[in-house]
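Inspection log for the structure reproduced underneath, given as structure tokens.
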Amino acid sequence: MLEARLEQASILKKVVDAIKDLVQDCNFDCNDSGIALQAMDNSHVALVSMMLKAEGFSPYRCDRNIALGVNLTSLTKVLRAAQGDDILTIKAEDAPDVMNLLFESSGEDRISEYDLKLMDIDQEHLGIPETEYAATITMPSAEFRRICTDLAAMSESVGIEASKDGVKFSCNGDIGNGSVTLRSHTSIEKPENNVDIELTEPVSLTFSLKYLVNFCKAAALSTQVKICLSSEVPLLVEYNLSGSSYLRFYLAPKIGDDE
Amino acid sequence: MPATKRSRPPARASSAASKRSSSRSVSRAVKRQDVTPSSSDPDFEAEVEDEVDMEESPPENDAKRRKVAAPALRSVKFDATLSKRLFAQEARQAAKEETCFPPSRRHSVLYHRPLLLDEQVGSQGRKALLSWFDSVSQSRSMPWRKAWVDPKTISDPAELRKTLEKRAYEVWISEIMLQQTRVAVVIDYWSRWMDKWPTIHDLAAAKSEDVLAAWSGLGYYSRATRIHEAAKLAVGDSDMKGLLPSSAKELEAKMPGVGRYTAGAISCIVFGRAEPMVDGNVLRVLSRQLGIHGNIKTGKAVIDSIWAAADAIVKATAEQDGDDGKTSSEPNDRPGRWGQALMELGSTICTPNPNCSQCPITSTCRVYKEGELKANKSKEKSPRVVDIEDLCILCEEFDEADGDSDEDSIQDKKGSNAKKTEAKKSKQPTLAAFAFTRKTVSNTSSPSPSPSSTSSATSKATMDTITSYARRFPVKAIKKAVREEETLVCAIRRADGNYLIHRRPLKGLLAGLWEFPSKLLEPSTKSDKKKRERLAHEYVSDLLNGDKGRGKTKISCEGELGNVPWLFSHIKLTMHVYLFEVGDDAAVEEDEDQPRRWVAEGDVDAENMGTGMKKCWEMVKGAVEEL
């Protein structure tokens with residue numbers, strides 16, 4: 001039996017919106033520590049890893065580990081029925097055929113309830129190697145989204161270069177080239193605009209913009225985004241949700257670019 | 001996403017407890033069903049079941065079998081000297097041999113001393129497996145699994161004899177049925193069989209027709225014939241008088257259809273003797289335990305050494321693992337429990353796609369240890385030097401690139417690509433190229449991963465690596481191509497509603513079963529519908545009118561009713577079904593070799609027919625109703 005009550009339905013809404021273009025079907029793995037999701041995109045280039053910790057729910061109850069195999073397009077349809085400030089309760093049996101979603105509007109005068117049919121998805125879990133990244137950049141998520149969309153207009157891929165001077169996003173397309181450089185920036189009034197660069201050694205890697213633009217859909221979840229880089233290691237883009245819950249994206253770098 | 005999807009069955013009967021495993025096995029069954037329209041055929045199921053029948057061939061077939069079993073790769077002999085070095089007294093120090101490093105797996109032949117024979121880890125492992133078996137032995141509720149009959153507890157010799165006779169009979173029947181057939185199917189058949197013939201004497205007195213009928217649907221019908229023969233022989237024999245011999249050697253020598261495995265099983269389970277019982281499952285389990293990377297289907301030396309290992313281990317169990325801690329040479333219940341435990345492990349956990357995290361005896365498993373090394377990315381400090389005299393002769397080369405998962409090969413390819421970056425265009429490798437896979441690979445330039453070996457609980461990633469490593473043991477045998485055959489099944493209906501049937505030869509496929517007259521097409525004839533129809537017509541008119549053309553019964557053909565595809569383990573058979581109407585005067589000649597008779601429509605169902613032929617009959621019945 002799973003019962004998880006989420007104060008803001010919008011969190012799940014935004015998570016699903018952010019990943020539904022990368023992943024079609026996936027398992028929500030529920031256990032006593034929370035609800036986790038891990039899935040690769042079809043071409044196995046990107047990986048989504050989500051963790052909604054039990055603390056983020058009130059109450060949270062999960063007696064037995066269960067996997068809810070969900071088609072994300074279908075889940076989106078159901079979640080569309082929820083208002084952003086609705087309270088969402090997810091329920092499932094121990095060997096479920098359906099996942100039950102209950103939306104209560106905060107005024108408590110409207111309750112809607114949906115059952116979503118589940119699928120059996122044989123999904124392999126990937127081991128993500130623990131990495132100490134050479135560069136960790138924290139920046140406003142909206143800024144990252146802007147850079148990615150701007151550069152995507154010119155080119156398919158972006159070079160990310162982190163050095164002690166700052167972080168430079170550059171692209172080289174048919175119509176020309178462009179770059180955006182950010183320096184460390186601390187603002188006491190608006191901490192959400194901070195740019196923070198932690199560096200152990202300079203790195204330079206190339207990534208597909210198509211994927212990065214896709215990741216940026218998660219900007220709605222958090223004002224800040226963390227980008228971790230190491231040479232010859234997939235990029236990590238992390239959005240923190242409330243508490244220690246997170247939504248992470250991994251992306252394999254492109255190799256052999258003649259720059 | 002490497003995902004196979006299917007919608008969930010609306011009602012899920014399977015309980016939550018065993019959800020994972022059960023859904024997996026279901027998925028396999030479902031997949032098979034898609035491929036074949038006739039998955040209920042046990043002859044076919046045999047293949048699904050991955051249980052190798054090593055030796056239950058009739059004596060006359062032995063020579064042929066042996067030839068097939070000859071090692072194809074090299075002429076390795078497994079001889080007494082090697083056996084002694086591996087499995088005798090010295091093996092008690094087996095744990096001293098260091099785990100070898102994949103992928104080179106350089107090791108001396110002494111590496112294959114079973115850790116299960118080791119003084120410390122070995123005896124712990126054996127006890128662990130026995131107690132694991134005791135905890136699960138009833139979960140699949142096999143009616144033939146009963147507590148061992150201790151001769152000491154029954155004082156009356158006549159009573160004891162009767163009990164043993166019954167027990168031996170039960171185990172024998174179950175073992176023969178279980179060859180090539182799934183447990184779930186056998187449970188039913190076994191119970192019905194025991195109701196019908198509760199003792200070996202009842203069986204010996206039975207009619208062979210009835211015995212075949214009771215076997216109908218199980219496939220490999222010669223098993224039934226041989227059981228019946230053996231029962232008659234055992235009852236008639238002045239020594240045995242119905243009680244099977246207790247030694248494996250005698251069982252194998254005296255009883256038709258009882259080979260090395262079945263003999264071992266009866267001797268162990270019923271009489272408590274320490275004999276090895278090695279079936280396909282056990283071959284797999286032990287090849288992993290011993291770390292033999294060999295072919296367990298055709299590698300003679302590999303098979304021989306595993307049998308020898310099984311022999312040594314079961315003797316150690318029988319002698320040393322008693323509760324009182326003393327060694328004993330008396331028969332006891334441990335050999336039977338041990339043998340069944342190995343088989344149970346092989347059929348539930350140490351399957352081709354194993355579940356190492358549930359295994360009770362990883363501490364004695366060479367392959368598990370090698371997998372751990374691989375998972376922890378330990379590197380061999382210096383290549384191990386092995387005395388050339390001692391080089392392992394059992395293992396086949398371990399080809400790293402030859403992994404069975406796709407990720408593996410992608411990884412290797414991409415890895416090498418990364419090094420020779422001469423391509424002008426940038427490439428987008430997958431995550432798998434960056435150790436982002438179930439198999440965490442070494443050789444990344446990333447800072448060293450945090451050592452997980454210190455933690456007591458093995459992490460999921462480590463376990464996955466181990467499991468996928470274990471999956472590569474034993475060496476996968478290349479499957480033989482399935483032969484394709486076509487046959488014309490001619491249902492001949494006389495005006496009085498009777499049908500002609502004949503009996504198949506007593507040897508070979510579907511031996512002794514009845515069928516509608518059938519003609520196997522020459523393999524060369526590329527048959528089209530017209531030609532088949534003509535051939536069928538010729539066949540029927542030959543059958544009814546003889547060569548001389550006397551009698552001249554009128555034959556009218558209703559044409560081809562349809563096809564019934566049928567899969568045997570080695571043949572893919574297509575049956576083309578024809579219906580012929582003949583006059584009342586139709587008669588057939590008697591044939592010594594192939595008895596024929598006319599049967600009323602209502603009685604056809606009761607005949608001993610193969611399941612495939614029954615399908616044809618359904619088709620014929622349908623067509624007749626429409627006429």
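Naming scheme: A, B, ... for chains in displayed order of the structure tokens; residues 1 onward per chain; ligands 1 onward as shown.
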Check: which chain A residues lie within 6 Å of chain B using only C-alpha atoms, as a JSON list (two decimals) with N, CA, C and O atoms, in the first residue's frame:
```json
[["chain", "number", "residue", "atom", "x", "y", "z"],
["A", 40, "MET", "N", 16.30, 6.36, -19.24],
["A", 40, "MET", "CA", 17.11, 6.92, -20.31],
["A", 40, "MET", "C", 16.20, 7.31, -21.46],
["A", 40, "MET", "O", 15.12, 6.75, -21.64],
["A", 41, "ASP", "N", 16.64, 8.20, -22.27],
["A", 41, "ASP", "CA", 15.89, 8.51, -23.47],
["A", 41, "ASP", "C", 16.13, 7.39, -24.46],
["A", 41, "ASP", "O", 17.00, 6.53, -24.26],
["A", 42, "ASN", "N", 15.37, 7.39, -25.55],
["A", 42, "ASN", "CA", 15.44, 6.27, -26.49],
["A", 42, "ASN", "C", 16.83, 6.02, -27.04],
["A", 42, "ASN", "O", 17.21, 4.89, -27.28],
["A", 44, "HIS", "N", 19.58, 6.54, -25.59],
["A", 44, "HIS", "CA", 20.53, 6.23, -24.52],
["A", 44, "HIS", "C", 21.65, 7.27, -24.39],
["A", 44, "HIS", "O", 22.77, 6.94, -24.05],
["A", 45, "VAL", "N", 21.33, 8.48, -24.70],
["A", 45, "VAL", "CA", 22.32, 9.54, -24.60],
["A", 45, "VAL", "C", 22.10, 10.33, -23.31],
["A", 45, "VAL", "O", 23.04, 10.80, -22.68],
["A", 95, "ALA", "N", 0.16, -4.72, -5.25],
["A", 95, "ALA", "CA", 0.45, -5.22, -6.59],
["A", 95, "ALA", "C", -0.51, -4.52, -7.53],
["A", 95, "ALA", "O", -1.50, -5.08, -7.95],
["A", 119, "MET", "N", 1.43, -0.07, -16.46],
["A", 119, "MET", "CA", 2.02, -1.03, -17.40],
["A", 119, "MET", "C", 3.14, -1.75, -16.68],
["A", 119, "MET", "O", 3.72, -1.23, -15.73],
["A", 120, "ASP", "N", 3.46, -2.93, -17.18],
["A", 120, "ASP", "CA", 4.67, -3.60, -16.71],
["A", 120, "ASP", "C", 5.82, -3.13, -17.57],
["A", 120, "ASP", "O", 5.83, -3.35, -18.77],
["A", 121, "ILE", "N", 6.76, -2.49, -16.98],
["A", 121, "ILE", "CA", 7.91, -2.03, -17.74],
["A", 121, "ILE", "C", 9.15, -2.71, -17.18],
["A", 121, "ILE", "O", 9.46, -2.57, -16.00],
["A", 122, "ASP", "N", 9.79, -3.48, -18.02],
["A", 122, "ASP", "CA", 11.04, -4.10, -17.57],
["A", 122, "ASP", "C", 12.14, -3.09, -17.82],
["A", 122, "ASP", "O", 12.55, -2.87, -18.95],
["A", 123, "GLN", "N", 12.55, -2.49, -16.78],
["A", 123, "GLN", "CA", 13.49, -1.42, -16.93],
["A", 123, "GLN", "C", 14.76, -1.76, -16.18],
["A", 123, "GLN", "O", 14.72, -2.26, -15.07],
["A", 126, "LEU", "N", 20.47, 1.73, -14.07],
["A", 126, "LEU", "CA", 21.87, 1.95, -14.39],
["A", 126, "LEU", "C", 22.60, 2.34, -13.13],
["A", 126, "LEU", "O", 22.08, 3.06, -12.29],
["A", 127, "GLY", "N", 23.82, 1.88, -13.06],
["A", 127, "GLY", "CA", 24.66, 2.35, -12.00],
["A", 127, "GLY", "C", 25.27, 3.66, -12.48],
["A", 127, "GLY", "O", 25.85, 3.72, -13.55],
["A", 128, "ILE", "N", 25.11, 4.71, -11.69],
["A", 128, "ILE", "CA", 25.72, 5.98, -12.07],
["A", 128, "ILE", "C", 27.02, 6.10, -11.28],
["A", 128, "ILE", "O", 26.99, 6.12, -10.06],
["A", 130, "GLU", "N", 29.99, 7.27, -9.24],
["A", 130, "GLU", "CA", 30.18, 8.46, -8.42],
["A", 130, "GLU", "C", 31.36, 9.22, -8.96],
["A", 130, "GLU", "O", 32.43, 8.66, -9.20],
["A", 252, "ALA", "N", 25.53, 12.55, -22.13],
["A", 252, "ALA", "CA", 26.85, 12.15, -22.62],
["A", 252, "ALA", "C", 27.43, 13.26, -23.49],
["A", 252, "ALA", "O", 26.72, 13.84, -24.31],
["A", 254, "LYS", "N", 29.58, 15.07, -26.46],
["A", 254, "LYS", "CA", 29.95, 14.72, -27.83],
["A", 254, "LYS", "C", 31.46, 14.61, -27.88],
["A", 254, "LYS", "O", 32.17, 15.31, -27.15],
["A", 255, "ILE", "N", 31.92, 13.76, -28.75],
["A", 255, "ILE", "CA", 33.38, 13.64, -28.83],
["A", 255, "ILE", "C", 33.85, 13.86, -30.27],
["A", 255, "ILE", "O", 33.07, 13.68, -31.22],
["A", 256, "GLY", "N", 35.09, 14.26, -30.39],
["A", 256, "GLY", "CA", 35.71, 14.36, -31.71],
["A", 256, "GLY", "C", 35.33, 15.62, -32.47],
["A", 256, "GLY", "O", 35.46, 15.67, -33.68],
["A", 257, "ASP", "N", 34.82, 16.64, -31.77],
["A", 257, "ASP", "CA", 34.51, 17.89, -32.46],
["A", 257, "ASP", "C", 35.82, 18.62, -32.80],
["A", 257, "ASP", "O", 36.68, 18.78, -31.95]]
```
Sel. of strand (DSSP E) residues, region 46-223 of chain A, as a PyMOL selection string: chain A and resi 46-53+60-62+66-71+87-92+98-104+111-117+119-121+135-140+157-163+166-173+176-182+196-199+203-208
Residues near Ser191 (chain B), cut-off 12 Å, only C-alpha atoms, skip fewer than 3 positions along chain, as a VMD selection string: chain B and resid 141 to 144 170 173 to 174 177 184 to 188 194 to 198 214
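Of the residues in region 130-210 of chain A, those that DSSP places in alpha helix (DSSP H) on the basis of the backbone are Ser141, Ala142, Glu143, Phe144, Arg145, Arg146, Ile147, Cys148, Thr149, Asp150, Leu151, Ala152, Leu209 and Lys210 of chain A.
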Store the residues picked out above, limited to all heavy atoms, as a short mmCIF file (atom, residue, chain, number, x, y, z; two decimals), in the first residue's frame.
```
data_model
loop_
_atom_site.label_atom_id
_atom_site.label_comp_id
_atom_site.auth_asym_id
_atom_site.auth_seq_id
_atom_site.Cartn_x
_atom_site.Cartn_y
_atom_site.Cartn_z
N SER A 141 18.36 29.24 -13.00
CA SER A 141 17.90 28.27 -13.99
C SER A 141 17.36 28.97 -15.23
O SER A 141 17.48 28.47 -16.35
CB SER A 141 16.85 27.35 -13.38
OG SER A 141 15.79 28.11 -12.85
N ALA A 142 16.77 30.16 -15.04
CA ALA A 142 16.23 30.89 -16.19
C ALA A 142 17.36 31.35 -17.11
O ALA A 142 17.23 31.36 -18.34
CB ALA A 142 15.42 32.09 -15.72
N GLU A 143 18.51 31.71 -16.50
CA GLU A 143 19.67 32.12 -17.28
C GLU A 143 20.18 30.96 -18.14
O GLU A 143 20.48 31.11 -19.32
CB GLU A 143 20.76 32.62 -16.33
CG GLU A 143 22.05 33.03 -17.00
CD GLU A 143 21.87 34.24 -17.93
OE1 GLU A 143 21.40 35.29 -17.45
OE2 GLU A 143 22.17 34.09 -19.12
N PHE A 144 20.25 29.83 -17.53
CA PHE A 144 20.73 28.65 -18.27
C PHE A 144 19.78 28.34 -19.43
O PHE A 144 20.21 28.05 -20.55
CB PHE A 144 20.83 27.46 -17.31
CG PHE A 144 21.38 26.20 -17.93
CD1 PHE A 144 22.59 26.22 -18.62
CD2 PHE A 144 20.69 25.00 -17.83
CE1 PHE A 144 23.09 25.06 -19.20
CE2 PHE A 144 21.18 23.84 -18.40
CZ PHE A 144 22.38 23.87 -19.09
N ARG A 145 18.49 28.48 -19.16
CA ARG A 145 17.52 28.20 -20.21
C ARG A 145 17.67 29.20 -21.35
O ARG A 145 17.66 28.84 -22.52
CB ARG A 145 16.10 28.27 -19.64
CG ARG A 145 15.03 27.96 -20.70
CD ARG A 145 13.66 27.92 -20.10
NE ARG A 145 13.35 29.20 -19.46
CZ ARG A 145 12.30 29.36 -18.63
NH1 ARG A 145 11.52 28.35 -18.35
NH2 ARG A 145 12.08 30.53 -18.08
N ARG A 146 17.89 30.44 -20.99
CA ARG A 146 18.02 31.48 -22.02
C ARG A 146 19.25 31.20 -22.89
O ARG A 146 19.19 31.26 -24.12
CB ARG A 146 18.15 32.84 -21.33
CG ARG A 146 18.30 33.94 -22.32
CD ARG A 146 18.24 35.29 -21.64
NE ARG A 146 18.76 36.28 -22.59
CZ ARG A 146 19.31 37.42 -22.22
NH1 ARG A 146 19.44 37.71 -20.94
NH2 ARG A 146 19.73 38.27 -23.13
N ILE A 147 20.37 30.87 -22.24
CA ILE A 147 21.59 30.60 -23.00
C ILE A 147 21.37 29.45 -23.97
O ILE A 147 21.73 29.52 -25.15
CB ILE A 147 22.76 30.29 -22.02
CG1 ILE A 147 23.11 31.52 -21.20
CG2 ILE A 147 23.97 29.77 -22.78
CD1 ILE A 147 24.08 31.25 -20.07
N CYS A 148 20.75 28.40 -23.45
CA CYS A 148 20.56 27.21 -24.29
C CYS A 148 19.66 27.51 -25.48
O CYS A 148 19.97 27.13 -26.61
CB CYS A 148 19.99 26.05 -23.48
SG CYS A 148 21.16 25.41 -22.28
N THR A 149 18.56 28.20 -25.24
CA THR A 149 17.64 28.46 -26.36
C THR A 149 18.28 29.43 -27.36
O THR A 149 18.13 29.27 -28.57
CB THR A 149 16.29 29.02 -25.88
OG1 THR A 149 16.54 29.95 -24.83
CG2 THR A 149 15.39 27.93 -25.36
N ASP A 150 18.99 30.43 -26.85
CA ASP A 150 19.65 31.38 -27.75
C ASP A 150 20.65 30.68 -28.65
O ASP A 150 20.68 30.89 -29.86
CB ASP A 150 20.36 32.48 -26.95
CG ASP A 150 19.37 33.45 -26.31
OD1 ASP A 150 18.17 33.33 -26.63
OD2 ASP A 150 19.80 34.30 -25.51
N LEU A 151 21.48 29.84 -28.04
CA LEU A 151 22.52 29.19 -28.83
C LEU A 151 21.93 28.11 -29.74
O LEU A 151 22.46 27.85 -30.82
CB LEU A 151 23.61 28.60 -27.92
CG LEU A 151 24.38 29.63 -27.08
CD1 LEU A 151 25.48 28.95 -26.28
CD2 LEU A 151 24.99 30.74 -27.95
N ALA A 152 20.86 27.49 -29.29
CA ALA A 152 20.24 26.44 -30.10
C ALA A 152 19.74 26.98 -31.44
O ALA A 152 19.61 26.24 -32.41
CB ALA A 152 19.10 25.77 -29.33
N LEU A 209 22.72 20.54 -27.96
CA LEU A 209 21.82 21.57 -27.42
C LEU A 209 20.38 21.09 -27.36
O LEU A 209 19.61 21.50 -26.50
CB LEU A 209 21.91 22.83 -28.29
CG LEU A 209 23.02 23.78 -27.88
CD1 LEU A 209 23.25 24.82 -28.96
CD2 LEU A 209 22.68 24.47 -26.56
N LYS A 210 20.04 20.20 -28.28
CA LYS A 210 18.68 19.69 -28.31
C LYS A 210 18.29 19.11 -26.94
O LYS A 210 17.22 19.38 -26.42
CB LYS A 210 18.60 18.60 -29.38
CG LYS A 210 17.21 18.13 -29.70
CD LYS A 210 17.24 17.01 -30.73
CE LYS A 210 17.59 15.70 -30.06
NZ LYS A 210 17.72 14.56 -30.97
#
```
Distance query region 255-267 of chain B at most 9 Å, only C-alpha atoms, self and fewer than 5 positions along chain excluded, as an MDAnalysis selection string: chainID B and resid 53:59 168:169 171:172 175:176 222:223 226:227 229:231 233:234 244:250 272:279 335:336 339:340
If you keep N, CA and C atoms, can you produce a file of those selected residues as a tab-separated table (two decimals), in the first residue's frame?
```tsv
chain	number	residue	atom	x	y	z
B	53	ASP	N	19.00	-33.31	-20.86
B	53	ASP	CA	18.95	-34.73	-20.56
B	53	ASP	C	20.26	-35.31	-21.02
B	54	MET	N	21.12	-35.58	-20.10
B	54	MET	CA	22.46	-35.94	-20.51
B	54	MET	C	22.55	-37.40	-20.95
B	55	GLU	N	21.75	-38.25	-20.31
B	55	GLU	CA	22.13	-39.62	-20.50
B	55	GLU	C	20.97	-40.59	-20.48
B	56	GLU	N	19.78	-40.13	-20.55
B	56	GLU	CA	18.68	-41.06	-20.40
B	56	GLU	C	18.33	-41.73	-21.73
B	57	SER	N	19.31	-42.01	-22.49
B	57	SER	CA	19.02	-42.62	-23.77
B	57	SER	C	19.01	-44.13	-23.63
B	58	PRO	N	18.26	-44.78	-24.46
B	58	PRO	CA	18.27	-46.23	-24.41
B	58	PRO	C	19.67	-46.72	-24.79
B	59	PRO	N	20.03	-47.90	-24.30
B	59	PRO	CA	21.38	-48.38	-24.52
B	59	PRO	C	21.78	-48.37	-25.99
B	168	ALA	N	10.81	-45.64	-3.73
B	168	ALA	CA	11.69	-45.71	-4.89
B	168	ALA	C	10.88	-45.56	-6.16
B	169	TYR	N	9.72	-46.18	-6.16
B	169	TYR	CA	8.84	-46.11	-7.32
B	169	TYR	C	8.38	-44.68	-7.57
B	171	VAL	N	9.79	-41.84	-6.58
B	171	VAL	CA	10.89	-40.96	-6.99
B	171	VAL	C	11.27	-41.24	-8.44
B	172	TRP	N	11.30	-42.51	-8.76
B	172	TRP	CA	11.68	-42.90	-10.12
B	172	TRP	C	10.73	-42.28	-11.13
B	175	GLU	N	11.20	-38.54	-11.37
B	175	GLU	CA	12.42	-38.14	-12.05
B	175	GLU	C	12.30	-38.31	-13.56
B	176	ILE	N	11.69	-39.40	-13.98
B	176	ILE	CA	11.56	-39.60	-15.42
B	176	ILE	C	10.62	-38.54	-16.01
B	222	SER	N	8.64	-42.31	-25.59
B	222	SER	CA	9.42	-43.52	-25.32
B	222	SER	C	9.75	-43.62	-23.83
B	223	ARG	N	9.67	-42.49	-23.13
B	223	ARG	CA	9.90	-42.55	-21.69
B	223	ARG	C	8.88	-43.46	-21.04
B	226	ARG	N	9.47	-47.12	-21.79
B	226	ARG	CA	10.60	-47.68	-21.04
B	226	ARG	C	10.29	-47.83	-19.56
B	227	ILE	N	9.52	-46.90	-19.01
B	227	ILE	CA	9.12	-47.06	-17.61
B	227	ILE	C	8.36	-48.37	-17.45
B	229	GLU	N	8.36	-51.06	-19.35
B	229	GLU	CA	9.28	-52.20	-19.48
B	229	GLU	C	10.06	-52.41	-18.20
B	230	ALA	N	10.61	-51.31	-17.69
B	230	ALA	CA	11.46	-51.40	-16.51
B	230	ALA	C	10.66	-51.90	-15.32
B	231	ALA	N	9.41	-51.46	-15.21
B	231	ALA	CA	8.58	-51.90	-14.09
B	231	ALA	C	8.34	-53.40	-14.17
B	233	LEU	N	10.17	-55.55	-15.65
B	233	LEU	CA	11.44	-56.22	-15.40
B	233	LEU	C	11.74	-56.28	-13.90
B	234	ALA	N	11.52	-55.16	-13.23
B	234	ALA	CA	11.85	-55.10	-11.81
B	234	ALA	C	10.96	-56.02	-11.00
B	244	LEU	N	13.53	-51.51	-6.23
B	244	LEU	CA	14.64	-51.09	-7.08
B	244	LEU	C	15.96	-51.22	-6.30
B	245	PRO	N	17.03	-51.50	-7.01
B	245	PRO	CA	18.33	-51.62	-6.33
B	245	PRO	C	18.71	-50.29	-5.70
B	246	SER	N	19.53	-50.36	-4.67
B	246	SER	CA	19.87	-49.12	-3.97
B	246	SER	C	21.14	-48.48	-4.52
B	247	SER	N	21.95	-49.22	-5.23
B	247	SER	CA	23.17	-48.58	-5.70
B	247	SER	C	22.95	-48.01	-7.10
B	248	ALA	N	23.56	-46.88	-7.32
B	248	ALA	CA	23.37	-46.19	-8.59
B	248	ALA	C	23.86	-47.04	-9.75
B	249	LYS	N	24.97	-47.73	-9.53
B	249	LYS	CA	25.54	-48.56	-10.60
B	249	LYS	C	24.55	-49.61	-11.05
B	250	GLU	N	23.97	-50.31	-10.08
B	250	GLU	CA	23.03	-51.37	-10.43
B	250	GLU	C	21.79	-50.81	-11.10
B	272	GLY	N	19.50	-42.83	0.47
B	272	GLY	CA	20.44	-42.07	1.28
B	272	GLY	C	21.90	-42.33	0.98
B	273	ARG	N	22.18	-42.88	-0.21
B	273	ARG	CA	23.57	-43.09	-0.58
B	273	ARG	C	24.17	-41.80	-1.13
B	274	ALA	N	25.45	-41.62	-0.92
B	274	ALA	CA	26.10	-40.42	-1.44
B	274	ALA	C	26.47	-40.63	-2.89
B	275	GLU	N	25.56	-40.32	-3.77
B	275	GLU	CA	25.82	-40.43	-5.20
B	275	GLU	C	25.57	-39.08	-5.86
B	276	PRO	N	26.33	-38.77	-6.89
B	276	PRO	CA	26.07	-37.49	-7.56
B	276	PRO	C	24.82	-37.57	-8.42
B	277	MET	N	24.06	-36.50	-8.45
B	277	MET	CA	22.95	-36.40	-9.40
B	277	MET	C	23.09	-35.05	-10.11
B	278	VAL	N	23.42	-35.14	-11.38
B	278	VAL	CA	23.77	-33.92	-12.11
B	278	VAL	C	22.88	-33.79	-13.34
B	279	ASP	N	21.99	-32.82	-13.30
B	279	ASP	CA	21.20	-32.53	-14.50
B	279	ASP	C	21.67	-31.19	-15.08
B	335	PRO	N	22.46	-36.72	1.40
B	335	PRO	CA	22.69	-36.78	-0.06
B	335	PRO	C	21.46	-36.37	-0.86
B	336	GLY	N	20.29	-36.85	-0.44
B	336	GLY	CA	19.07	-36.52	-1.17
B	336	GLY	C	18.75	-35.05	-1.08
B	339	GLY	N	21.39	-33.09	-3.21
B	339	GLY	CA	21.19	-33.16	-4.65
B	339	GLY	C	20.00	-32.32	-5.09
B	340	GLN	N	18.91	-32.42	-4.32
B	340	GLN	CA	17.73	-31.64	-4.67
B	340	GLN	C	17.95	-30.16	-4.44
```
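The coordinates place CA of Tyr250 (chain A) at 26.2 Å from CA of Gln8 (chain A).
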Gap from CA of Arg334 (chain B) to CA of Cys268 (chain B) - Å, one decimal: 8.3 Å
Pairwise distance for CA of Thr223 (chain A) and CA of Val167 (chain A), rounded to one decimal in Å: 18.8 Å
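Using only C-alpha atoms, the protein and nucleic acid residues lying no more than 9 Å from Phe57 (chain A), apart from those fewer than 6 places from it along its own chain, are Ala4, Arg5, Leu6, Glu7 and Gly34 of chain A.
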Ser155 (chain A): which residues within 12 Å, counting only C-alpha atoms, same-chain residues fewer than 6 positions away excluded, as a compact mmCIF listing (two decimals) with N, CA and C atoms, in the first residue's frame?
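Output saved as around-v7.txt:
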```txt
# COMPACT_ATOMS: atom_id res chain seq x y z
N CYS A 148 20.75 28.40 -23.45
CA CYS A 148 20.56 27.21 -24.29
C CYS A 148 19.66 27.51 -25.48
N THR A 149 18.56 28.20 -25.24
CA THR A 149 17.64 28.46 -26.36
C THR A 149 18.28 29.43 -27.36
N PHE A 169 29.86 29.55 -22.69
CA PHE A 169 29.05 28.68 -23.54
C PHE A 169 29.25 29.18 -24.96
N SER A 170 29.72 28.35 -25.85
CA SER A 170 29.95 28.85 -27.20
C SER A 170 29.42 27.88 -28.23
N CYS A 171 29.02 28.43 -29.36
CA CYS A 171 28.54 27.56 -30.42
C CYS A 171 29.05 28.04 -31.75
N ASN A 172 29.04 27.12 -32.68
CA ASN A 172 29.58 27.39 -34.00
C ASN A 172 28.61 26.81 -35.02
N GLY A 173 27.86 27.66 -35.70
CA GLY A 173 26.85 27.15 -36.62
C GLY A 173 27.11 27.58 -38.04
N ASP A 174 26.21 27.20 -38.93
CA ASP A 174 26.36 27.54 -40.34
C ASP A 174 26.29 29.04 -40.58
N ILE A 175 25.44 29.70 -39.80
CA ILE A 175 25.26 31.14 -40.05
C ILE A 175 26.27 31.99 -39.29
N GLY A 176 27.03 31.42 -38.43
CA GLY A 176 27.98 32.20 -37.68
C GLY A 176 28.27 31.54 -36.35
N ASN A 177 28.84 32.30 -35.43
CA ASN A 177 29.09 31.70 -34.13
C ASN A 177 28.73 32.69 -33.04
N GLY A 178 28.67 32.18 -31.82
CA GLY A 178 28.30 33.05 -30.71
C GLY A 178 28.75 32.47 -29.40
N SER A 179 28.79 33.29 -28.38
CA SER A 179 29.16 32.75 -27.08
C SER A 179 28.58 33.62 -25.97
N THR A 206 31.76 19.36 -25.10
CA THR A 206 30.73 19.73 -26.07
C THR A 206 29.47 18.88 -25.86
N PHE A 207 28.32 19.53 -25.94
CA PHE A 207 27.07 18.79 -25.72
C PHE A 207 26.03 19.15 -26.77
N SER A 208 25.10 18.24 -26.93
CA SER A 208 24.00 18.49 -27.85
C SER A 208 23.02 19.48 -27.24
N LEU A 209 22.72 20.54 -27.96
CA LEU A 209 21.82 21.57 -27.42
C LEU A 209 20.38 21.09 -27.36
N LYS A 210 20.04 20.20 -28.28
CA LYS A 210 18.68 19.69 -28.31
C LYS A 210 18.29 19.11 -26.94
```
